[in-house]
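Written out below as structure tokens is the structure these notes cover.
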Amino acid sequence: MGQYLPEINGNLDNIVQDVKCDYDKYCKFAHLATFPDMAQEPVIELDSSGLINYMNKAARNILPEFKAGQAYNEDHPFFKGLSNIIDGLKNNSHNSTNRKLALNNIPFKQNIFYVPELDTVRIVTYDLTEEKQMLESAKENLERFQTLFNGIQDAIFVINPIPDLLNGRIIEVNDAASEMLNYSRFEFLQLKTEDLFSPTIPDFPYFQIKKR
């Protein structure tokens with residue numbers, strides 16, 4: 001048996017190197033795998049049979065009733081209509097789409113990707129609560145501005161002075177302007193400034209309103 005020891009020792013060196021190489025690769029993969037798990041957005045991967053391959057921590061938090069290795073359920077609002085979407089992606093040159101949905105009264109946007117090389121589907125979900133609040137706040141501010149704008153008794157014109165003040169466009173007027181000059185808001189917005197105003201000489205850039 002002694003005559004085989006040198007050969008065994010040589011092979012052991014190779015085996016150790018192979019194991020170390022495999023371990024290094026495993027460590028790299030394990031390191032990369034932490035990135036989606038640390039993401040704040042829920043990330044899910046499904047295989048072609050409808051089983052959940054992967055759920056990151058955020059996905060597990062919003063879908064505690066599901067886990068990797070389990071089939072997704074289209075009765076659940078998170079997965080509703082997903083099979084039709086996946087079929088559409090498989091038969092389309094575009095391998096991604098998005099949609100909005102609500103889960104426990106929280107608005108979400110799903111970005112859905114089909115990966116043909118792996119025949120898998122990846123879903124990245126974004127919480128739209130903050131965006132919805134910003135839109136609602138902007139709407140409230142606009143309504144507040146419109147109330148103040150139309151409550152002023154003087155005629156107000158908002159003009160886009162391009163290419164210049166005389167040839168600009170009227171982009172907004174208040175209610176007082178419509179009442180004073182007998183133009184509807186729609187009619188005002190079809191006009192250029194030169195259609196309605198003429199410069200007073202020598203008081204330019206003050207303007208005199210042309211009579212209708």
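Here, A, B, ... name the chains of the structure tokens in the order displayed, residue numbers run from 1 inside each chain, and ligands are numbered from 1 in the same displayed order.
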
Original post:
Would you give me, as JSON, numbers by chain, the residues in region 22-172 of chain A that DSSP reads as strand (DSSP E or B)?
Top reply: {"A": [43, 44, 45, 46, 51, 52, 53, 54, 55, 71, 96, 97, 98, 99, 100, 101, 102, 103, 106, 107, 108, 109, 110, 111, 112, 113, 114, 115, 120, 121, 122, 123, 124, 125, 126, 127, 157, 158, 159, 160, 169, 170, 171, 172]}

**OP:** Do a neighbour search on region 110-112 of chain A at 10 Å with only C-alpha atoms, toss out local chain neighbours closer than 4 positions, and write the hits as a PyMOL selection string.
**Re:** chain A and resi 42-45+78+82+85-86+89+95-101+121-127

Those same residues, written as a PDB file, in the first residue's frame with N, CA, C and O atoms?
ATOM      1  N   PRO A  42     -40.123  43.925  -1.420  1.00  0.00           N
ATOM      2  CA  PRO A  42     -40.354  42.481  -1.502  1.00  0.00           C
ATOM      3  C   PRO A  42     -39.922  41.928  -2.865  1.00  0.00           C
ATOM      4  O   PRO A  42     -40.276  42.478  -3.908  1.00  0.00           O
ATOM      5  N   VAL A  43     -39.147  40.842  -2.847  1.00  0.00           N
ATOM      6  CA  VAL A  43     -38.666  40.186  -4.064  1.00  0.00           C
ATOM      7  C   VAL A  43     -39.059  38.715  -4.007  1.00  0.00           C
ATOM      8  O   VAL A  43     -38.802  38.038  -3.006  1.00  0.00           O
ATOM      9  N   ILE A  44     -39.690  38.234  -5.077  1.00  0.00           N
ATOM     10  CA  ILE A  44     -40.144  36.844  -5.142  1.00  0.00           C
ATOM     11  C   ILE A  44     -39.751  36.259  -6.492  1.00  0.00           C
ATOM     12  O   ILE A  44     -39.826  36.943  -7.516  1.00  0.00           O
ATOM     13  N   GLU A  45     -39.339  34.992  -6.488  1.00  0.00           N
ATOM     14  CA  GLU A  45     -39.095  34.276  -7.741  1.00  0.00           C
ATOM     15  C   GLU A  45     -39.975  33.040  -7.776  1.00  0.00           C
ATOM     16  O   GLU A  45     -40.078  32.304  -6.788  1.00  0.00           O
ATOM     17  N   PHE A  78     -52.280  39.411  -3.943  1.00  0.00           N
ATOM     18  CA  PHE A  78     -50.913  39.659  -4.400  1.00  0.00           C
ATOM     19  C   PHE A  78     -50.620  38.910  -5.699  1.00  0.00           C
ATOM     20  O   PHE A  78     -49.847  39.380  -6.540  1.00  0.00           O
ATOM     21  N   LEU A  82     -52.030  36.432 -12.029  1.00  0.00           N
ATOM     22  CA  LEU A  82     -50.610  36.353 -12.384  1.00  0.00           C
ATOM     23  C   LEU A  82     -50.348  35.350 -13.505  1.00  0.00           C
ATOM     24  O   LEU A  82     -49.482  35.584 -14.356  1.00  0.00           O
ATOM     25  N   ILE A  85     -50.768  36.918 -16.813  1.00  0.00           N
ATOM     26  CA  ILE A  85     -49.673  37.858 -17.076  1.00  0.00           C
ATOM     27  C   ILE A  85     -48.424  37.104 -17.518  1.00  0.00           C
ATOM     28  O   ILE A  85     -47.744  37.485 -18.474  1.00  0.00           O
ATOM     29  N   ILE A  86     -48.124  36.006 -16.827  1.00  0.00           N
ATOM     30  CA  ILE A  86     -46.939  35.210 -17.165  1.00  0.00           C
ATOM     31  C   ILE A  86     -47.061  34.633 -18.568  1.00  0.00           C
ATOM     32  O   ILE A  86     -46.106  34.665 -19.357  1.00  0.00           O
ATOM     33  N   LEU A  89     -46.291  37.303 -21.020  1.00  0.00           N
ATOM     34  CA  LEU A  89     -44.865  37.623 -21.105  1.00  0.00           C
ATOM     35  C   LEU A  89     -44.105  36.561 -21.895  1.00  0.00           C
ATOM     36  O   LEU A  89     -43.175  36.874 -22.641  1.00  0.00           O
ATOM     37  N   ASN A  95     -40.224  41.113 -22.033  1.00  0.00           N
ATOM     38  CA  ASN A  95     -40.247  40.144 -20.939  1.00  0.00           C
ATOM     39  C   ASN A  95     -40.568  40.761 -19.588  1.00  0.00           C
ATOM     40  O   ASN A  95     -40.303  40.155 -18.550  1.00  0.00           O
ATOM     41  N   SER A  96     -41.131  41.952 -19.598  1.00  0.00           N
ATOM     42  CA  SER A  96     -41.455  42.587 -18.319  1.00  0.00           C
ATOM     43  C   SER A  96     -42.723  43.415 -18.452  1.00  0.00           C
ATOM     44  O   SER A  96     -43.088  43.867 -19.541  1.00  0.00           O
ATOM     45  N   THR A  97     -43.383  43.597 -17.328  1.00  0.00           N
ATOM     46  CA  THR A  97     -44.567  44.450 -17.264  1.00  0.00           C
ATOM     47  C   THR A  97     -44.724  44.908 -15.823  1.00  0.00           C
ATOM     48  O   THR A  97     -43.949  44.521 -14.942  1.00  0.00           O
ATOM     49  N   ASN A  98     -45.704  45.740 -15.573  1.00  0.00           N
ATOM     50  CA  ASN A  98     -45.964  46.174 -14.200  1.00  0.00           C
ATOM     51  C   ASN A  98     -47.454  46.371 -14.007  1.00  0.00           C
ATOM     52  O   ASN A  98     -48.214  46.505 -14.970  1.00  0.00           O
ATOM     53  N   ARG A  99     -47.862  46.381 -12.772  1.00  0.00           N
ATOM     54  CA  ARG A  99     -49.264  46.611 -12.441  1.00  0.00           C
ATOM     55  C   ARG A  99     -49.351  47.154 -11.020  1.00  0.00           C
ATOM     56  O   ARG A  99     -48.400  47.044 -10.230  1.00  0.00           O
ATOM     57  N   LYS A 100     -50.505  47.743 -10.701  1.00  0.00           N
ATOM     58  CA  LYS A 100     -50.746  48.256  -9.358  1.00  0.00           C
ATOM     59  C   LYS A 100     -51.821  47.411  -8.690  1.00  0.00           C
ATOM     60  O   LYS A 100     -52.740  46.917  -9.346  1.00  0.00           O
ATOM     61  N   LEU A 101     -51.687  47.244  -7.388  1.00  0.00           N
ATOM     62  CA  LEU A 101     -52.655  46.472  -6.623  1.00  0.00           C
ATOM     63  C   LEU A 101     -52.662  46.974  -5.184  1.00  0.00           C
ATOM     64  O   LEU A 101     -51.811  47.776  -4.791  1.00  0.00           O
ATOM     65  N   VAL A 121     -40.012  33.490 -13.100  1.00  0.00           N
ATOM     66  CA  VAL A 121     -40.622  34.823 -13.028  1.00  0.00           C
ATOM     67  C   VAL A 121     -40.167  35.488 -11.743  1.00  0.00           C
ATOM     68  O   VAL A 121     -40.208  34.877 -10.666  1.00  0.00           O
ATOM     69  N   ARG A 122     -39.724  36.719 -11.856  1.00  0.00           N
ATOM     70  CA  ARG A 122     -39.289  37.480 -10.687  1.00  0.00           C
ATOM     71  C   ARG A 122     -40.201  38.689 -10.513  1.00  0.00           C
ATOM     72  O   ARG A 122     -40.497  39.394 -11.475  1.00  0.00           O
ATOM     73  N   ILE A 123     -40.617  38.899  -9.289  1.00  0.00           N
ATOM     74  CA  ILE A 123     -41.547  39.984  -8.971  1.00  0.00           C
ATOM     75  C   ILE A 123     -40.901  40.890  -7.928  1.00  0.00           C
ATOM     76  O   ILE A 123     -40.530  40.437  -6.844  1.00  0.00           O
ATOM     77  N   VAL A 124     -40.756  42.155  -8.286  1.00  0.00           N
ATOM     78  CA  VAL A 124     -40.246  43.159  -7.347  1.00  0.00           C
ATOM     79  C   VAL A 124     -41.398  44.119  -7.055  1.00  0.00           C
ATOM     80  O   VAL A 124     -42.013  44.656  -7.978  1.00  0.00           O
ATOM     81  N   THR A 125     -41.694  44.320  -5.789  1.00  0.00           N
ATOM     82  CA  THR A 125     -42.887  45.070  -5.387  1.00  0.00           C
ATOM     83  C   THR A 125     -42.490  46.323  -4.619  1.00  0.00           C
ATOM     84  O   THR A 125     -41.600  46.284  -3.766  1.00  0.00           O
ATOM     85  N   TYR A 126     -43.174  47.429  -4.939  1.00  0.00           N
ATOM     86  CA  TYR A 126     -42.863  48.716  -4.310  1.00  0.00           C
ATOM     87  C   TYR A 126     -44.096  49.245  -3.584  1.00  0.00           C
ATOM     88  O   TYR A 126     -45.200  49.236  -4.126  1.00  0.00           O
ATOM     89  N   ASP A 127     -43.884  49.713  -2.381  1.00  0.00           N
ATOM     90  CA  ASP A 127     -44.951  50.329  -1.588  1.00  0.00           C
ATOM     91  C   ASP A 127     -45.183  51.748  -2.113  1.00  0.00           C
ATOM     92  O   ASP A 127     -44.269  52.570  -2.139  1.00  0.00           O
TER      93      ASP A 127
END

Subject >> Those of region 30-210 of chain A in DSSP alpha helix (DSSP H), formatted as JSON, numbers by chain >> reply: {"A": [30, 31, 32, 33, 34, 35, 36, 37, 38, 57, 58, 59, 60, 61, 62, 82, 83, 84, 85, 86, 87, 88, 89, 90, 129, 130, 131, 132, 133, 134, 135, 136, 137, 138, 139, 140, 141, 142, 143, 144, 145, 146, 147, 148, 149, 150, 151, 175, 176, 177, 178, 179, 180, 181, 185, 186, 187, 188, 189, 193, 194, 195, 196]}

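Residues lying within 9 Å of Phe149 (chain A), counting only C-alpha atoms and ignoring same-chain neighbours fewer than 4 positions away, are A:Arg144, A:Phe145, A:Ile156, A:Val173, A:Asn174, A:Asp175.
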
Could those selected residues go to a file with N, CA, C and O atoms, as a tab-separated table (two decimals), in the first residue's frame?
chain	number	residue	atom	x	y	z
A	144	ARG	N	-56.30	74.36	-3.31
A	144	ARG	CA	-56.19	75.55	-2.47
A	144	ARG	C	-55.75	76.76	-3.30
A	144	ARG	O	-56.29	77.87	-3.15
A	145	PHE	N	-54.79	76.53	-4.21
A	145	PHE	CA	-54.33	77.61	-5.08
A	145	PHE	C	-55.45	78.09	-5.99
A	145	PHE	O	-55.64	79.30	-6.18
A	156	ILE	N	-56.44	88.17	-13.73
A	156	ILE	CA	-55.06	87.67	-13.69
A	156	ILE	C	-54.84	86.74	-14.88
A	156	ILE	O	-55.65	85.86	-15.17
A	173	VAL	N	-55.99	81.67	-16.62
A	173	VAL	CA	-56.66	82.92	-16.26
A	173	VAL	C	-57.56	82.62	-15.06
A	173	VAL	O	-57.95	81.48	-14.83
A	174	ASN	N	-57.88	83.67	-14.31
A	174	ASN	CA	-58.80	83.45	-13.20
A	174	ASN	C	-60.23	83.79	-13.63
A	174	ASN	O	-60.48	84.27	-14.75
A	175	ASP	N	-61.17	83.53	-12.74
A	175	ASP	CA	-62.58	83.75	-13.07
A	175	ASP	C	-62.88	85.21	-13.35
A	175	ASP	O	-63.72	85.53	-14.20

**OP:** Write out as a PyMOL selection string which residues come within 12 Å of region 68-70 of chain A when counting only C-alpha atoms, dropping same-chain ones fewer than 3 positions away.
**Re:** chain A and resi 43-47+49-57+59-60+63-65+73

Original post:
Using only C-alpha atoms, which residues sit within 9 Å of region 102-105 of chain A once same-chain residues fewer than 4 positions away are excluded, as a PyMOL selection string?
Top reply: chain A and resi 62+77-78+109
